[in-house]
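Everything below concerns the one structure shown next.
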Amino acid sequence: MKKESDFFDRPKVRKTLLAMFVVSFIVLLVSDFFVHKHSYFYWDGLPVFNAVFGLVGSLSLVLIAKYLRPLIMREEEYYD
Amino acid sequence: MTSIFPPAIVFIMGALLIPFLKGRLKSVYMLILPVVAFLVLRGIPEGNYVIGQIMDKDLSLRIDRLSLVFGYVFILATFIGIIYALHVKESGEHIAAFVYAGSGLGAVFSGDLITLFIFWELLTISALFIIWSNRTKAAQGAGFRYLLVHLFGGVSLLSGIILRVVETGSTDFGYIGLSGLSSYLILLGVAVNVGIPPLHGWLVDSYPEASVTGTVFLSAFTTKTAVYVLARAFPGEEILIIAGLVMAVFPIFFAVLENDLRRVLSYSLINQVGFMVVGIGIGIPLAINGAVAHAFADILFKSLLFMGVGAVLYRTGTAKGTDLGGLYKSMPITMIFTLIGAASISALPLFSAFATKSMIITASGHEGMTIVYFLLLFAAAGVFHHAGIKIPFFTFFAHDSGKRPKEAPLNMLVAMGIAAFLSIFIGVYPQALYSILPNMVDYVPYTADHVISQLLLLFGAFSAFAFLMYTRIYPPEKRSINLDTDWFYRKAGPAVVSLIGVPFARIYAFLSRTVLETLPGFLAWFSRNPYGAMKIGADIILLSLSGGGKEAQKNLQKEKAAYPGTLKEWSVSTAVTIALLIFAAYLILFFFSQ
């Protein structure tokens with residue numbers, strides 16, 4: 001067997017990836033102000049709408065799921 | 001035109017030879033079958049062909065643009081799925097897989113409702129054997145539940161078909177539309193296979209229980225065949241928009257919480273089919289194209305994801321988020337392929353869903369459907385969350401589980417490689433897929449606006465995930481199961497049955513005790529000494545009437561204990577005399593009654 005890789009555990013790699021993410025996010029956010037939009041509704045044509053939507057949508061998704069958990073979660077042997 | 005050879009038969013008949021072959025020959029044979037099916041399909045010009053008869057009704061084969069797309073991707077999925085399963089020595093699972101895939105082909109190419117129904121049922125039965133081929137107790141139970149739910153759907157479909165054939169006098173399978181009982185019954189039967197809530201419980205119940213290789217097949221055919229039937233028979237039905245939205249939105253909440261990664265993928269399967277159902281419900285040519293294209297892309301990236309998680313399950317014995325993590329260290333190639341699947345399902349630009357799912361969302365915007373557009377966008381962000389991030393993150397990264405499994409076997413890697421290549425190919429060169437879609441629509445996915453908006457959506461969603469992980473607000477993976485609609489027949493059902501059954505069982509037990517034990521027992525006791533028995537009876541009544549002293553009770557006890565006692569020995573002559581007297585009395589009675 002090959003020796004195992006620890007590529008993603010290296011702090012340097014992690015930092016670089018994070019930096020790449022942040023920089024490209026900023027570039028995207030800025031360019032969103034300049035691109036010509038084909039919007040269908042007044043709200044989806046707003047600049048950075050999708051970024052905010054993705055952020056808020058995902059936050060609410062996880063938080064709702066989290067509060068749903070006590071309601072639907074059972075131990076693994078529930079049906080046995 | 002009986003000279004036409006249906007591609008479905010290539011698979012179904014071809015499967016019968018598999019058990020007689022061994023080793024390399026068997027592998028080669030199984031790989032050739034999809035190629036043969038493809039060539040056979042290519043050899044048939046578009047049109048309708050009668051291929052047989054049953055009870056004076058024609059069984060027919062229809063080749064047109066809509067059925068062809070599904071045919072191609074079914075054959076492709078079979079080819080990939082078989083490569084992935086080449087290491088499986090047992091023939092049973094392979095046979096079931098080919099019959100299953102063949103049934104899918106048969107269903108999409110059926111030109112009439114009877115042929116459709118035959119293949120529809122064959123699809124259910126062969127899927128059952130795929131589930132059972134895992135040979136675990138859980139798979140056995142899930143298989144039985146799968147069968148029951150699908151039998152219900154099948155009966156509904158059949159009733160609808162029979163009603164329709166009686167009403168219209170034709171078995172033709174074309175546009176049906178919602179009008180009248182027959183169409184509702186047909187739609188209900190199809191809805192079971194589509195997995196429209198609350199009829200979706202079977203999917204998340206059974207797919208994660210099938211074998212590593214079986215689930216790859218299962219994920220491709222049953223739901224997509226049903227999507228095809230919807231596209232053929234119910235395009236533009238508004239109720240499908242609502243059903244599709246429910247499918248697209250509700251599973252993402254479950255997927256976030258679910259620990260079993262194959263179950264996460266099952267929820268994500270419902271979510272993706274939801275997009276297709278919405279597209280069919282919208283019904284404009286762009287939306288139908290989107291639904292069909294997305295079905296094509298989904299079969300590839302969903303099987304890719306199931307293959308990635310399956311390879312991990314195969315190597316480590318578990319597909320649970322709690323038990324995995326850090327596997328990129330020893331399974332890097334599987335990790336890369338899974339990431340490609342994740343990027344494809346998340347509709348990252350240059351990956352397949354970007355070019356397919358967007359058609360559906362665009363169509364909803366085009367039609368000015370605000371809520372639909374809004375919810376689809378939310379669902380798209382949710383997909384990225386559970387399938388795009390959660391699956392690869394908890395498997396290959398996250399906390400190091402300490403597991404260092406070997407890289408997946410070569411055949412699995414090849415299968416994943418093909419699916420990964422095609423997912424990127426569709427993303428980079430979508431025109432290839434667009435050119436075989438049923439409707440002629442000019443759609444350009446790669447505009448600056450679309451690319452940037454989609455990237456922003458995904459970046460936003462990723463930031464949310466990173467934030468929640470960093471602050472530890474993200475609900476931790478837990479060993480657990482989550483309740484879903486299958487609860488109703490797994491828990492509530494048995495409870496209802498016992499609620500009705502237990503009183504009935506009690507009544508039955510009482511009756512059988514009375515009739516079979518108490519009454520005969522009493523008669524036997526009584527006939528041992530009728531005179532003594534009657535005396536005891538009379539004494540009991542007297543005692544209870546008089547209130548009775550201790551003395552009398554003691555006497556009764558004595559009497560009971562002595563029972564039946566010694567009977568008076570009667571001589572034969574006495575007995576004969578008594579018999580004669582009774583006989584005489586009978587004669588007199590008879591005489592006067594004349």
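A note on labels: chains of the structure tokens are A, B, ... as shown, every chain counts residues from 1, and ligands are counted from 1 in their shown order.
The residue set within 10 Å of Val249 in chain B, counting only C-alpha atoms and dropping same-chain residues fewer than 6 places from it, reads Leu61 of chain A; Ser268, Ile270, Asn271, Gln272, Gly274, Phe275, Leu375, Leu376, Leu377, Phe378, Ala379, Ala380, Gly382 and Val383 of chain B.
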Tell me as a compact mmCIF listing (two decimals) with all heavy atoms, in the first residue's frame which residues belonging to chain A come within 6 Å of chain B, counting only C-alpha atoms.
```
# COMPACT_ATOMS: atom_id res chain seq x y z
N GLU A 4 0.31 7.04 3.10
CA GLU A 4 -0.88 7.86 3.07
C GLU A 4 -0.56 9.34 2.91
O GLU A 4 0.50 9.81 3.33
CB GLU A 4 -1.68 7.64 4.34
CG GLU A 4 -0.89 7.98 5.58
CD GLU A 4 -1.69 7.64 6.82
OE1 GLU A 4 -2.02 6.46 6.97
OE2 GLU A 4 -1.95 8.55 7.61
N SER A 5 -1.51 10.03 2.33
CA SER A 5 -1.31 11.46 2.10
C SER A 5 -1.83 12.24 3.30
O SER A 5 -2.76 11.82 3.98
CB SER A 5 -2.07 11.86 0.84
OG SER A 5 -2.50 13.19 0.94
N LYS A 37 -27.86 41.53 -15.96
CA LYS A 37 -28.73 40.49 -15.39
C LYS A 37 -29.96 40.25 -16.26
O LYS A 37 -30.55 41.18 -16.79
CB LYS A 37 -29.21 40.94 -14.00
CG LYS A 37 -28.08 41.11 -13.03
CD LYS A 37 -28.00 39.91 -12.14
CE LYS A 37 -26.94 40.12 -11.09
NZ LYS A 37 -26.83 38.98 -10.21
N TYR A 40 -35.92 37.71 -13.53
CA TYR A 40 -37.34 37.42 -13.77
C TYR A 40 -38.22 38.22 -12.81
O TYR A 40 -39.35 38.53 -13.10
CB TYR A 40 -37.60 35.94 -13.60
CG TYR A 40 -36.72 35.11 -14.49
CD1 TYR A 40 -35.62 34.45 -13.97
CD2 TYR A 40 -36.98 35.05 -15.85
CE1 TYR A 40 -34.80 33.70 -14.80
CE2 TYR A 40 -36.16 34.32 -16.68
CZ TYR A 40 -35.07 33.65 -16.15
OH TYR A 40 -34.26 32.93 -16.97
N ASN A 50 -27.95 36.40 -4.83
CA ASN A 50 -27.76 34.95 -4.72
C ASN A 50 -26.82 34.56 -3.58
O ASN A 50 -27.02 33.54 -2.93
CB ASN A 50 -27.25 34.38 -6.04
CG ASN A 50 -28.40 33.99 -6.95
OD1 ASN A 50 -29.46 34.61 -6.88
ND2 ASN A 50 -28.20 32.98 -7.77
N ALA A 51 -25.81 35.40 -3.34
CA ALA A 51 -24.87 35.09 -2.26
C ALA A 51 -25.59 35.16 -0.92
O ALA A 51 -25.45 34.27 -0.08
CB ALA A 51 -23.71 36.06 -2.29
N GLY A 54 -28.00 32.26 -0.70
CA GLY A 54 -27.31 31.00 -0.38
C GLY A 54 -26.93 30.93 1.08
O GLY A 54 -27.10 29.90 1.74
N LEU A 55 -26.45 32.04 1.60
CA LEU A 55 -26.00 32.09 3.00
C LEU A 55 -27.19 31.94 3.94
O LEU A 55 -27.23 31.05 4.80
CB LEU A 55 -25.29 33.41 3.25
CG LEU A 55 -24.67 33.58 4.64
CD1 LEU A 55 -23.40 32.76 4.75
CD2 LEU A 55 -24.39 35.04 4.94
N SER A 58 -29.09 28.56 3.60
CA SER A 58 -28.41 27.43 4.22
C SER A 58 -28.45 27.51 5.74
O SER A 58 -28.62 26.49 6.42
CB SER A 58 -26.97 27.36 3.76
OG SER A 58 -26.94 27.20 2.37
N LEU A 59 -28.27 28.72 6.26
CA LEU A 59 -28.33 28.88 7.71
C LEU A 59 -29.69 28.45 8.23
O LEU A 59 -29.79 27.67 9.19
CB LEU A 59 -28.06 30.34 8.10
CG LEU A 59 -26.62 30.82 8.02
CD1 LEU A 59 -26.53 32.30 8.37
CD2 LEU A 59 -25.74 30.01 8.97
N ALA A 65 -33.49 22.33 10.63
CA ALA A 65 -33.23 20.89 10.77
C ALA A 65 -32.81 20.56 12.20
O ALA A 65 -33.23 19.57 12.78
CB ALA A 65 -32.15 20.45 9.78
N LYS A 66 -32.00 21.45 12.77
CA LYS A 66 -31.50 21.21 14.11
C LYS A 66 -32.65 21.16 15.12
O LYS A 66 -32.65 20.33 16.04
CB LYS A 66 -30.52 22.32 14.48
CG LYS A 66 -29.67 21.97 15.68
CD LYS A 66 -28.59 23.00 15.92
CE LYS A 66 -27.93 22.70 17.25
NZ LYS A 66 -26.71 23.45 17.45
N ILE A 72 -37.84 14.09 15.31
CA ILE A 72 -37.82 12.93 14.41
C ILE A 72 -36.71 11.94 14.72
O ILE A 72 -36.70 10.85 14.19
CB ILE A 72 -37.70 13.36 12.93
CG1 ILE A 72 -36.43 14.17 12.71
CG2 ILE A 72 -38.91 14.12 12.48
CD1 ILE A 72 -36.07 14.33 11.25
N MET A 73 -35.78 12.32 15.59
CA MET A 73 -34.65 11.42 15.80
C MET A 73 -35.01 10.32 16.79
O MET A 73 -35.63 10.56 17.80
CB MET A 73 -33.45 12.20 16.31
CG MET A 73 -32.16 11.42 16.17
SD MET A 73 -30.75 12.41 16.66
CE MET A 73 -30.89 12.32 18.43
N ARG A 74 -34.60 9.10 16.44
CA ARG A 74 -34.80 7.95 17.33
C ARG A 74 -33.51 7.16 17.39
O ARG A 74 -32.66 7.30 16.52
CB ARG A 74 -35.92 7.06 16.81
CG ARG A 74 -37.30 7.71 16.83
CD ARG A 74 -37.79 7.97 18.24
NE ARG A 74 -39.12 8.55 18.26
CZ ARG A 74 -39.39 9.84 18.14
NH1 ARG A 74 -38.41 10.70 17.97
NH2 ARG A 74 -40.62 10.28 18.17
N GLU A 75 -33.40 6.30 18.38
CA GLU A 75 -32.20 5.47 18.46
C GLU A 75 -32.19 4.49 17.29
O GLU A 75 -33.23 4.20 16.70
CB GLU A 75 -32.13 4.73 19.80
CG GLU A 75 -33.12 3.60 19.98
CD GLU A 75 -34.52 4.08 20.31
OE1 GLU A 75 -34.79 5.31 20.24
OE2 GLU A 75 -35.35 3.24 20.65
N GLU A 76 -30.99 3.99 16.96
CA GLU A 76 -30.82 3.19 15.74
C GLU A 76 -31.65 1.92 15.75
O GLU A 76 -32.01 1.41 14.72
CB GLU A 76 -29.35 2.82 15.56
CG GLU A 76 -28.57 3.85 14.78
CD GLU A 76 -27.11 3.46 14.61
OE1 GLU A 76 -26.55 2.87 15.55
OE2 GLU A 76 -26.55 3.76 13.56
```
Using DSSP assignments from the backbone, pull out every residue in range 271-336 of chain B that falls under helix (DSSP H, G or I) and give it to me as an mmCIF file with N, CA and C atoms, in the first residue's frame.
```cif
data_model
loop_
_atom_site.group_PDB
_atom_site.id
_atom_site.type_symbol
_atom_site.label_atom_id
_atom_site.label_comp_id
_atom_site.auth_asym_id
_atom_site.auth_seq_id
_atom_site.Cartn_x
_atom_site.Cartn_y
_atom_site.Cartn_z
ATOM 1 N N ASN B 271 -34.968 14.630 -3.729
ATOM 2 C CA ASN B 271 -34.838 16.063 -3.973
ATOM 3 C C ASN B 271 -34.580 16.351 -5.458
ATOM 4 N N GLN B 272 -33.704 15.580 -6.081
ATOM 5 C CA GLN B 272 -33.394 15.805 -7.496
ATOM 6 C C GLN B 272 -34.587 15.449 -8.384
ATOM 7 N N VAL B 273 -35.247 14.337 -8.060
ATOM 8 C CA VAL B 273 -36.430 13.962 -8.841
ATOM 9 C C VAL B 273 -37.494 15.052 -8.685
ATOM 10 N N GLY B 274 -37.510 15.699 -7.519
ATOM 11 C CA GLY B 274 -38.436 16.803 -7.303
ATOM 12 C C GLY B 274 -38.264 17.894 -8.358
ATOM 13 N N PHE B 275 -37.015 18.235 -8.665
ATOM 14 C CA PHE B 275 -36.761 19.221 -9.721
ATOM 15 C C PHE B 275 -37.383 18.777 -11.039
ATOM 16 N N MET B 276 -37.195 17.489 -11.352
ATOM 17 C CA MET B 276 -37.735 16.973 -12.616
ATOM 18 C C MET B 276 -39.262 17.064 -12.625
ATOM 19 N N VAL B 277 -39.868 16.684 -11.504
ATOM 20 C CA VAL B 277 -41.332 16.689 -11.435
ATOM 21 C C VAL B 277 -41.863 18.119 -11.581
ATOM 22 N N VAL B 278 -41.172 19.079 -10.971
ATOM 23 C CA VAL B 278 -41.569 20.476 -11.145
ATOM 24 C C VAL B 278 -41.496 20.848 -12.627
ATOM 25 N N GLY B 279 -40.399 20.447 -13.266
ATOM 26 C CA GLY B 279 -40.227 20.758 -14.693
ATOM 27 C C GLY B 279 -41.372 20.195 -15.522
ATOM 28 N N ILE B 280 -41.736 18.949 -15.247
ATOM 29 C CA ILE B 280 -42.842 18.341 -15.996
ATOM 30 C C ILE B 280 -44.143 19.077 -15.697
ATOM 31 N N GLY B 281 -44.305 19.487 -14.439
ATOM 32 C CA GLY B 281 -45.510 20.216 -14.057
ATOM 33 C C GLY B 281 -45.613 21.558 -14.758
ATOM 34 N N ILE B 282 -44.481 22.251 -14.905
ATOM 35 C CA ILE B 282 -44.510 23.533 -15.614
ATOM 36 C C ILE B 282 -44.926 23.307 -17.067
ATOM 37 N N PRO B 285 -41.970 23.634 -23.224
ATOM 38 C CA PRO B 285 -40.914 22.811 -23.832
ATOM 39 C C PRO B 285 -39.567 22.913 -23.106
ATOM 40 N N LEU B 286 -39.200 24.127 -22.674
ATOM 41 C CA LEU B 286 -37.925 24.283 -21.978
ATOM 42 C C LEU B 286 -37.914 23.469 -20.685
ATOM 43 N N ALA B 287 -39.036 23.501 -19.964
ATOM 44 C CA ALA B 287 -39.116 22.806 -18.685
ATOM 45 C C ALA B 287 -39.074 21.289 -18.876
ATOM 46 N N ILE B 288 -39.777 20.805 -19.908
ATOM 47 C CA ILE B 288 -39.753 19.356 -20.183
ATOM 48 C C ILE B 288 -38.337 18.937 -20.561
ATOM 49 N N ASN B 289 -37.717 19.722 -21.422
ATOM 50 C CA ASN B 289 -36.321 19.451 -21.770
ATOM 51 C C ASN B 289 -35.452 19.412 -20.519
ATOM 52 N N GLY B 290 -35.689 20.389 -19.645
ATOM 53 C CA GLY B 290 -34.899 20.452 -18.413
ATOM 54 C C GLY B 290 -35.101 19.199 -17.578
ATOM 55 N N ALA B 291 -36.349 18.765 -17.444
ATOM 56 C CA ALA B 291 -36.634 17.583 -16.632
ATOM 57 C C ALA B 291 -35.940 16.356 -17.214
ATOM 58 N N VAL B 292 -36.036 16.211 -18.546
ATOM 59 C CA VAL B 292 -35.442 15.044 -19.193
ATOM 60 C C VAL B 292 -33.917 15.105 -19.108
ATOM 61 N N ALA B 293 -33.367 16.283 -19.396
ATOM 62 C CA ALA B 293 -31.916 16.433 -19.335
ATOM 63 C C ALA B 293 -31.410 16.189 -17.921
ATOM 64 N N HIS B 294 -32.191 16.682 -16.948
ATOM 65 C CA HIS B 294 -31.756 16.515 -15.566
ATOM 66 C C HIS B 294 -31.852 15.054 -15.139
ATOM 67 N N ALA B 295 -32.833 14.337 -15.666
ATOM 68 C CA ALA B 295 -32.916 12.901 -15.388
ATOM 69 C C ALA B 295 -31.669 12.205 -15.921
ATOM 70 N N PHE B 296 -31.270 12.585 -17.115
ATOM 71 C CA PHE B 296 -30.073 12.014 -17.730
ATOM 72 C C PHE B 296 -28.849 12.288 -16.864
ATOM 73 N N ALA B 297 -28.668 13.555 -16.511
ATOM 74 C CA ALA B 297 -27.492 13.936 -15.724
ATOM 75 C C ALA B 297 -27.541 13.304 -14.341
ATOM 76 N N ASP B 298 -28.730 13.269 -13.762
ATOM 77 C CA ASP B 298 -28.883 12.759 -12.399
ATOM 78 C C ASP B 298 -28.520 11.280 -12.306
ATOM 79 N N ILE B 299 -28.926 10.507 -13.317
ATOM 80 C CA ILE B 299 -28.594 9.080 -13.298
ATOM 81 C C ILE B 299 -27.079 8.916 -13.212
ATOM 82 N N LEU B 300 -26.352 9.772 -13.920
ATOM 83 C CA LEU B 300 -24.895 9.657 -13.916
ATOM 84 C C LEU B 300 -24.283 10.127 -12.602
ATOM 85 N N PHE B 301 -24.646 11.342 -12.151
ATOM 86 C CA PHE B 301 -23.955 11.810 -10.940
ATOM 87 C C PHE B 301 -24.484 11.157 -9.680
ATOM 88 N N LYS B 302 -25.756 10.752 -9.691
ATOM 89 C CA LYS B 302 -26.258 10.081 -8.497
ATOM 90 C C LYS B 302 -25.645 8.700 -8.368
ATOM 91 N N SER B 303 -25.502 7.999 -9.509
ATOM 92 C CA SER B 303 -24.852 6.692 -9.391
ATOM 93 C C SER B 303 -23.379 6.899 -9.037
ATOM 94 N N LEU B 304 -22.779 7.967 -9.525
ATOM 95 C CA LEU B 304 -21.388 8.253 -9.155
ATOM 96 C C LEU B 304 -21.263 8.434 -7.642
ATOM 97 N N LEU B 305 -22.168 9.190 -7.055
ATOM 98 C CA LEU B 305 -22.118 9.402 -5.608
ATOM 99 C C LEU B 305 -22.382 8.097 -4.849
ATOM 100 N N PHE B 306 -23.374 7.335 -5.309
ATOM 101 C CA PHE B 306 -23.638 6.046 -4.660
ATOM 102 C C PHE B 306 -22.433 5.113 -4.812
ATOM 103 N N MET B 307 -21.734 5.228 -5.945
ATOM 104 C CA MET B 307 -20.552 4.388 -6.147
ATOM 105 C C MET B 307 -19.428 4.814 -5.212
ATOM 106 N N GLY B 308 -19.262 6.118 -5.054
ATOM 107 C CA GLY B 308 -18.207 6.616 -4.163
ATOM 108 C C GLY B 308 -18.443 6.181 -2.729
ATOM 109 N N VAL B 309 -19.645 6.429 -2.232
ATOM 110 C CA VAL B 309 -19.976 6.029 -0.865
ATOM 111 C C VAL B 309 -19.973 4.499 -0.761
ATOM 112 N N GLY B 310 -20.414 3.847 -1.856
ATOM 113 C CA GLY B 310 -20.429 2.385 -1.876
ATOM 114 C C GLY B 310 -19.022 1.817 -1.769
ATOM 115 N N ALA B 311 -18.072 2.428 -2.475
ATOM 116 C CA ALA B 311 -16.685 1.960 -2.415
ATOM 117 C C ALA B 311 -16.164 2.074 -0.984
ATOM 118 N N VAL B 312 -16.524 3.157 -0.326
ATOM 119 C CA VAL B 312 -16.118 3.349 1.065
ATOM 120 C C VAL B 312 -16.764 2.285 1.955
ATOM 121 N N LEU B 313 -18.042 2.036 1.716
ATOM 122 C CA LEU B 313 -18.745 1.000 2.478
ATOM 123 C C LEU B 313 -18.106 -0.368 2.234
ATOM 124 N N TYR B 314 -17.755 -0.615 0.979
ATOM 125 C CA TYR B 314 -17.136 -1.891 0.599
ATOM 126 C C TYR B 314 -15.806 -2.085 1.325
ATOM 127 N N ARG B 315 -15.030 -1.003 1.446
ATOM 128 C CA ARG B 315 -13.701 -1.111 2.051
ATOM 129 C C ARG B 315 -13.730 -1.048 3.578
ATOM 130 N N THR B 316 -14.663 -0.260 4.130
ATOM 131 C CA THR B 316 -14.633 -0.055 5.582
ATOM 132 C C THR B 316 -15.767 -0.770 6.297
ATOM 133 N N GLY B 321 -21.767 8.496 8.813
ATOM 134 C CA GLY B 321 -20.963 9.685 9.007
ATOM 135 C C GLY B 321 -20.164 9.646 10.297
ATOM 136 N N THR B 322 -20.768 9.073 11.348
ATOM 137 C CA THR B 322 -20.092 9.042 12.640
ATOM 138 C C THR B 322 -18.826 8.188 12.601
ATOM 139 N N ASP B 323 -18.799 7.173 11.716
ATOM 140 C CA ASP B 323 -17.683 6.229 11.711
ATOM 141 C C ASP B 323 -16.641 6.556 10.651
ATOM 142 N N LEU B 327 -10.735 9.824 5.098
ATOM 143 C CA LEU B 327 -10.408 8.736 4.171
ATOM 144 C C LEU B 327 -9.650 9.216 2.928
ATOM 145 N N TYR B 328 -9.575 10.519 2.733
ATOM 146 C CA TYR B 328 -8.832 10.999 1.564
ATOM 147 C C TYR B 328 -7.384 10.530 1.614
ATOM 148 N N LYS B 329 -6.922 10.259 2.807
ATOM 149 C CA LYS B 329 -5.530 9.854 2.978
ATOM 150 C C LYS B 329 -5.221 8.547 2.268
ATOM 151 N N PRO B 332 -7.640 8.363 -2.205
ATOM 152 C CA PRO B 332 -7.687 9.674 -2.871
ATOM 153 C C PRO B 332 -8.455 9.663 -4.191
ATOM 154 N N ILE B 333 -8.360 8.566 -4.934
ATOM 155 C CA ILE B 333 -9.018 8.558 -6.250
ATOM 156 C C ILE B 333 -10.534 8.528 -6.067
ATOM 157 N N THR B 334 -10.987 7.682 -5.128
ATOM 158 C CA THR B 334 -12.422 7.658 -4.819
ATOM 159 C C THR B 334 -12.872 9.037 -4.363
ATOM 160 N N MET B 335 -12.008 9.696 -3.574
ATOM 161 C CA MET B 335 -12.339 11.033 -3.089
ATOM 162 C C MET B 335 -12.541 11.997 -4.259
ATOM 163 N N ILE B 336 -11.633 11.956 -5.229
ATOM 164 C CA ILE B 336 -11.734 12.878 -6.364
ATOM 165 C C ILE B 336 -13.021 12.616 -7.155
#
```
_Counting only C-alpha atoms, the residue of B:Thr115, B:Thr168, B:Thr223, B:Gln553 that sits nearest Asn193 in chain B_ =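 Selected residue with least distance to Asn193 in chain B: B:Thr223.
Put simply, CA of Ile64 in chain A is 15.7 Å away from CA of Met469 in chain B.
What separates CA of Leu199 in chain B from CA of Phe488 in chain B is a distance of 10.9 Å.
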